[in-house]
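Have a look at coords_6.pdb below; it lists PDB, C-alpha atoms, pLDDT in the B column.
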```
ATOM      1  CA  MET A   1      48.463 200.242  84.331  1.00 70.00           C
ATOM      2  CA  ARG A   2      46.038 201.326  87.091  1.00 77.00           C
ATOM      3  CA  ARG A   3      48.640 200.390  89.704  1.00 88.00           C
ATOM      4  CA  LEU A   4      51.446 202.424  88.123  1.00 93.00           C
ATOM      5  CA  ARG A   5      53.267 204.520  90.702  1.00 96.00           C
ATOM      6  CA  TYR A   6      56.524 206.452  90.681  1.00 96.00           C
ATOM      7  CA  GLU A   7      58.486 207.955  93.525  1.00 96.00           C
ATOM      8  CA  LEU A   8      60.368 211.184  92.949  1.00 97.00           C
ATOM      9  CA  PRO A   9      63.842 209.585  93.173  1.00 96.00           C
ATOM     10  CA  GLN A  10      62.801 207.206  90.367  1.00 96.00           C
ATOM     11  CA  LEU A  11      61.695 210.121  88.206  1.00 97.00           C
ATOM     12  CA  ASP A  12      64.860 212.086  89.027  1.00 97.00           C
ATOM     13  CA  GLY A  13      67.016 209.193  87.814  1.00 96.00           C
ATOM     14  CA  LEU A  14      65.388 208.989  84.396  1.00 97.00           C
ATOM     15  CA  HIS A  15      66.817 210.266  81.124  1.00 95.00           C
ATOM     16  CA  HIS A  16      64.749 213.246  79.909  1.00 94.00           C
ATOM     17  CA  GLU A  17      63.110 211.156  77.171  1.00 95.00           C
ATOM     18  CA  ASP A  18      62.193 208.410  79.653  1.00 97.00           C
ATOM     19  CA  PHE A  19      60.680 211.133  81.847  1.00 98.00           C
ATOM     20  CA  GLU A  20      58.379 212.029  78.946  1.00 97.00           C
ATOM     21  CA  PHE A  21      57.340 208.384  78.612  1.00 97.00           C
ATOM     22  CA  ALA A  22      56.658 208.236  82.368  1.00 98.00           C
ATOM     23  CA  ILE A  23      54.365 211.266  82.095  1.00 98.00           C
ATOM     24  CA  ARG A  24      52.610 209.605  79.145  1.00 98.00           C
ATOM     25  CA  ASP A  25      52.147 206.443  81.195  1.00 98.00           C
ATOM     26  CA  LEU A  26      50.676 208.393  84.128  1.00 98.00           C
ATOM     27  CA  MET A  27      48.134 209.970  81.780  1.00 98.00           C
ATOM     28  CA  ARG A  28      47.272 206.513  80.441  1.00 97.00           C
ATOM     29  CA  ARG A  29      46.944 205.205  84.000  1.00 96.00           C
ATOM     30  CA  ASP A  30      44.394 207.923  84.670  1.00 96.00           C
ATOM     31  CA  GLY A  31      42.190 207.040  81.702  1.00 96.00           C
ATOM     32  CA  CYS A  32      43.741 208.826  78.706  1.00 97.00           C
ATOM     33  CA  ALA A  33      43.920 205.843  76.370  1.00 96.00           C
ATOM     34  CA  ASP A  34      45.261 207.952  73.501  1.00 97.00           C
ATOM     35  CA  ALA A  35      48.177 209.480  75.465  1.00 98.00           C
ATOM     36  CA  VAL A  36      51.287 209.596  73.318  1.00 97.00           C
ATOM     37  CA  GLN A  37      54.856 210.825  73.731  1.00 97.00           C
ATOM     38  CA  VAL A  38      55.519 213.252  70.885  1.00 94.00           C
ATOM     39  CA  GLY A  39      58.633 215.029  72.183  1.00 76.00           C
ATOM     40  CA  GLY A  40      61.892 215.280  70.340  1.00 76.00           C
ATOM     41  CA  ALA A  41      63.539 217.555  67.804  1.00 76.00           C
ATOM     42  CA  GLY A  42      60.922 219.860  66.298  1.00 76.00           C
ATOM     43  CA  ASP A  43      58.239 218.998  68.866  1.00 79.00           C
ATOM     44  CA  ASN A  44      57.038 222.630  68.934  1.00 83.00           C
ATOM     45  CA  GLY A  45      56.734 222.676  72.701  1.00 84.00           C
ATOM     46  CA  ALA A  46      54.796 219.457  73.236  1.00 94.00           C
ATOM     47  CA  ASP A  47      56.168 216.249  74.719  1.00 96.00           C
ATOM     48  CA  VAL A  48      52.930 214.435  75.575  1.00 97.00           C
ATOM     49  CA  THR A  49      49.424 214.797  74.198  1.00 97.00           C
ATOM     50  CA  ALA A  50      46.327 213.087  75.553  1.00 98.00           C
ATOM     51  CA  THR A  51      42.558 213.318  75.762  1.00 97.00           C
ATOM     52  CA  ASP A  52      41.029 212.940  79.214  1.00 97.00           C
ATOM     53  CA  PRO A  53      37.744 211.109  79.924  1.00 95.00           C
ATOM     54  CA  LEU A  54      35.838 214.429  79.691  1.00 95.00           C
ATOM     55  CA  GLY A  55      37.141 214.992  76.155  1.00 96.00           C
ATOM     56  CA  ARG A  56      39.648 217.735  76.978  1.00 97.00           C
ATOM     57  CA  ARG A  57      42.827 217.718  74.886  1.00 97.00           C
ATOM     58  CA  TRP A  58      45.981 217.927  77.040  1.00 98.00           C
ATOM     59  CA  VAL A  59      49.278 219.274  75.744  1.00 97.00           C
ATOM     60  CA  ILE A  60      52.156 218.705  78.153  1.00 98.00           C
ATOM     61  CA  GLN A  61      55.691 220.037  77.976  1.00 97.00           C
ATOM     62  CA  CYS A  62      58.112 218.103  80.219  1.00 97.00           C
ATOM     63  CA  LYS A  63      61.204 219.660  81.773  1.00 97.00           C
ATOM     64  CA  HIS A  64      63.324 217.047  83.494  1.00 97.00           C
ATOM     65  CA  ARG A  65      66.019 218.296  85.850  1.00 96.00           C
ATOM     66  CA  GLN A  66      68.873 215.898  86.572  1.00 90.00           C
ATOM     67  CA  GLY A  67      69.258 217.338  90.065  1.00 89.00           C
ATOM     68  CA  GLY A  68      65.530 217.382  90.808  1.00 91.00           C
ATOM     69  CA  ALA A  69      64.799 220.250  93.198  1.00 90.00           C
ATOM     70  CA  LEU A  70      68.489 221.171  93.223  1.00 93.00           C
ATOM     71  CA  GLY A  71      68.676 221.467  89.423  1.00 91.00           C
ATOM     72  CA  SER A  72      68.185 224.672  87.490  1.00 94.00           C
ATOM     73  CA  ALA A  73      64.732 226.199  87.760  1.00 96.00           C
ATOM     74  CA  VAL A  74      62.386 226.181  84.773  1.00 97.00           C
ATOM     75  CA  GLY A  75      61.888 229.773  83.626  1.00 97.00           C
ATOM     76  CA  THR A  76      59.442 231.891  81.700  1.00 97.00           C
ATOM     77  CA  PRO A  77      61.074 231.317  78.265  1.00 96.00           C
ATOM     78  CA  ASP A  78      59.790 227.724  78.375  1.00 95.00           C
ATOM     79  CA  LEU A  79      56.301 229.006  79.211  1.00 96.00           C
ATOM     80  CA  HIS A  80      56.438 231.475  76.315  1.00 96.00           C
ATOM     81  CA  VAL A  81      57.151 228.640  73.879  1.00 94.00           C
ATOM     82  CA  LEU A  82      54.378 226.481  75.323  1.00 95.00           C
ATOM     83  CA  ASN A  83      51.930 229.377  75.326  1.00 96.00           C
ATOM     84  CA  GLY A  84      52.668 230.050  71.661  1.00 95.00           C
ATOM     85  CA  THR A  85      52.143 226.467  70.521  1.00 95.00           C
ATOM     86  CA  GLY A  86      50.011 224.547  73.037  1.00 96.00           C
ATOM     87  CA  ARG A  87      46.644 225.733  71.792  1.00 95.00           C
ATOM     88  CA  GLN A  88      47.475 227.070  68.336  1.00 94.00           C
ATOM     89  CA  LEU A  89      49.586 224.211  66.939  1.00 93.00           C
ATOM     90  CA  HIS A  90      48.545 221.297  69.149  1.00 94.00           C
ATOM     91  CA  GLY A  91      44.872 222.105  69.808  1.00 95.00           C
ATOM     92  CA  GLY A  92      45.196 221.937  73.588  1.00 96.00           C
ATOM     93  CA  ASP A  93      42.310 222.624  75.931  1.00 96.00           C
ATOM     94  CA  VAL A  94      44.597 222.116  78.934  1.00 97.00           C
ATOM     95  CA  VAL A  95      48.198 223.236  78.460  1.00 98.00           C
ATOM     96  CA  VAL A  96      50.666 222.071  81.115  1.00 98.00           C
ATOM     97  CA  LEU A  97      54.349 222.388  81.912  1.00 98.00           C
ATOM     98  CA  VAL A  98      55.536 219.613  84.244  1.00 98.00           C
ATOM     99  CA  THR A  99      58.914 219.365  85.955  1.00 98.00           C
ATOM    100  CA  ASN A 100      60.559 217.221  88.575  1.00 98.00           C
ATOM    101  CA  GLY A 101      62.222 220.421  89.735  1.00 97.00           C
ATOM    102  CA  ARG A 102      60.977 223.925  90.413  1.00 97.00           C
ATOM    103  CA  PHE A 103      59.889 227.082  88.607  1.00 97.00           C
ATOM    104  CA  THR A 104      61.282 230.611  88.758  1.00 97.00           C
ATOM    105  CA  ALA A 105      59.183 233.241  90.531  1.00 97.00           C
ATOM    106  CA  GLY A 106      57.950 234.710  87.243  1.00 97.00           C
ATOM    107  CA  CYS A 107      56.353 231.484  86.046  1.00 98.00           C
ATOM    108  CA  GLU A 108      53.297 231.430  88.288  1.00 97.00           C
ATOM    109  CA  PRO A 109      51.912 234.877  87.367  1.00 98.00           C
ATOM    110  CA  LEU A 110      52.601 234.286  83.669  1.00 98.00           C
ATOM    111  CA  ALA A 111      50.957 230.863  83.762  1.00 98.00           C
ATOM    112  CA  LYS A 112      47.915 232.239  85.546  1.00 96.00           C
ATOM    113  CA  SER A 113      47.512 235.138  83.107  1.00 97.00           C
ATOM    114  CA  GLN A 114      47.742 232.795  80.101  1.00 96.00           C
ATOM    115  CA  LYS A 115      45.648 229.942  81.554  1.00 96.00           C
ATOM    116  CA  LEU A 116      48.626 227.575  81.579  1.00 98.00           C
ATOM    117  CA  HIS A 117      49.095 224.974  84.300  1.00 98.00           C
ATOM    118  CA  LEU A 118      52.286 224.315  86.231  1.00 98.00           C
ATOM    119  CA  VAL A 119      53.104 220.941  87.779  1.00 98.00           C
ATOM    120  CA  ASP A 120      56.061 221.352  90.093  1.00 97.00           C
ATOM    121  CA  ARG A 121      57.938 218.710  92.037  1.00 97.00           C
ATOM    122  CA  GLY A 122      55.383 218.599  94.853  1.00 96.00           C
ATOM    123  CA  THR A 123      52.373 218.181  92.590  1.00 97.00           C
ATOM    124  CA  LEU A 124      54.255 215.692  90.416  1.00 98.00           C
ATOM    125  CA  GLY A 125      55.139 213.634  93.489  1.00 97.00           C
ATOM    126  CA  GLU A 126      51.516 213.551  94.626  1.00 97.00           C
ATOM    127  CA  TRP A 127      50.246 212.653  91.151  1.00 97.00           C
ATOM    128  CA  ALA A 128      52.891 209.996  90.434  1.00 97.00           C
ATOM    129  CA  ALA A 129      52.610 208.272  93.820  1.00 94.00           C
ATOM    130  CA  GLY A 130      48.853 208.354  94.150  1.00 88.00           C
ATOM    131  CA  SER A 131      45.707 207.273  92.455  1.00 72.00           C
ATOM    132  CA  ARG A 132      44.234 210.732  91.754  1.00 91.00           C
ATOM    133  CA  PRO A 133      44.380 211.910  88.145  1.00 96.00           C
ATOM    134  CA  LEU A 134      46.192 215.138  87.366  1.00 97.00           C
ATOM    135  CA  TRP A 135      42.942 216.966  86.591  1.00 96.00           C
ATOM    136  CA  GLU A 136      41.872 216.515  90.214  1.00 95.00           C
ATOM    137  CA  LEU A 137      45.090 218.132  91.425  1.00 96.00           C
ATOM    138  CA  LEU A 138      45.023 221.237  89.221  1.00 96.00           C
ATOM    139  CA  GLN A 139      42.894 224.350  89.668  1.00 90.00           C
ATOM    140  CA  GLN A 140      40.624 226.112  87.168  1.00 91.00           C
ATOM    141  CA  LEU A 141      40.550 223.592  84.363  1.00 93.00           C
ATOM    142  CA  PRO A 142      38.292 224.308  81.418  1.00 91.00           C
ATOM    143  CA  PRO A 143      35.053 222.333  81.223  1.00 88.00           C
ATOM    144  CA  SER A 144      34.616 219.506  78.765  1.00 81.00           C
ATOM    145  CA  PRO A 145      34.623 220.769  75.144  1.00 79.00           C
ATOM    146  CA  GLY A 146      30.841 220.477  74.891  1.00 66.00           C
ATOM    147  CA  ARG A 147      30.325 223.109  77.614  1.00 55.00           C
ATOM    148  CA  ARG A 148      31.434 226.745  77.433  1.00 50.00           C
ATOM    149  CA  SER A 149      32.641 228.911  80.305  1.00 49.00           C
ATOM    150  CA  ALA A 150      34.805 231.976  80.966  1.00 49.00           C
ATOM    151  CA  LEU A 151      37.815 229.631  81.108  1.00 50.00           C
ATOM    152  CA  SER A 152      37.273 228.298  77.591  1.00 42.00           C
TER
END
```
Could you render the structure as structure tokens?
Amino acid sequence: MRRLRYELPQLDGLHHEDFEFAIRDLMRRDGCADAVQVGGAGDNGADVTATDPLGRRWVIQCKHRQGGALGSAVGTPDLHVLNGTGRQLHGGDVVVLVTNGRFTAGCEPLAKSQKLHLVDRGTLGEWAAGSRPLWELLQQLPPSPGRRSALS
């Protein structure tokens, strides 16, 4: 598992459910032994859940775009759903929306204001092809659950 790597064309060619499993596998590769794919009908905005080595609970919504960067952009309605369920229903410490595509212009300010994390095509490519865990690629993550900060 530690050697698992994906290139963006591989991820682009996946069925949306297989994309969710790939994201689960990347979390497992990075040390989240309990990572599970939970997406499907009635998933309430979560496709993958995991606990990182610091004890933070991750809730990840996956948006696969058949055309990759050329596919339709992920918009704020998807962030609204995730924001309403990621912490409240799924107990997330880190709430993430990941896509193999791109986000509309309104996503970044909304995500920042709600302490959500966006993983666009560029970040996904770096994460999937490399050996750095996602938490090293994202900014302003909350501390481990045992420590409190302004981001908690």
Original post:
Just so the selection is clear, what residues does the PyMOL selection byres ((chain A and resi 116) around 8) cover here, as a VMD selection string?
Top reply: chain A and resid 83 94 to 97 111 to 115 117 to 118
**OP:** Check which residues satisfy the PyMOL selection byres ((chain A and resi 32) around 6) in the file shown, then give them as a ChimeraX atom specification.
**Re:** /A:27-28,31,33-35,50-52
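If you measure from each of A:Thr104, A:Gly40, A:Leu137, A:Leu110 to Asp18 (chain A) using only C-alpha atoms, the closest one turns out to be A:Gly40.
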**OP:** Would you kindly return, as a PyMOL selection string, each protein, DNA or RNA residue with an atom no farther than 12 Å from any atom of Leu14 (chain A), considering only C-alpha atoms and excluding same-chain residues fewer than 4 positions away?
**Re:** chain A and resi 6-10+18-23+63-68+100
**OP:** Considering only C-alpha atoms, return as a VMD selection string whatever protein or nucleic-acid residues lie within 10 Å of region 45-47 of chain A, sequence-local ones (same chain, fewer than 6 positions apart) excluded.
**Re:** chain A and resid 17 19 to 21 23 to 24 36 to 39 58 to 63 78 to 86 89 to 90 92 95 to 97
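Of note, CA of Arg29 (chain A) and CA of Gly125 (chain A) are spaced 15.1 Å apart.
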**OP:** Report the distance between CA of Asp43 (chain A) and CA of Gly122 (chain A) in Å, rounded to one decimal place.
**Re:** 26.1 Å
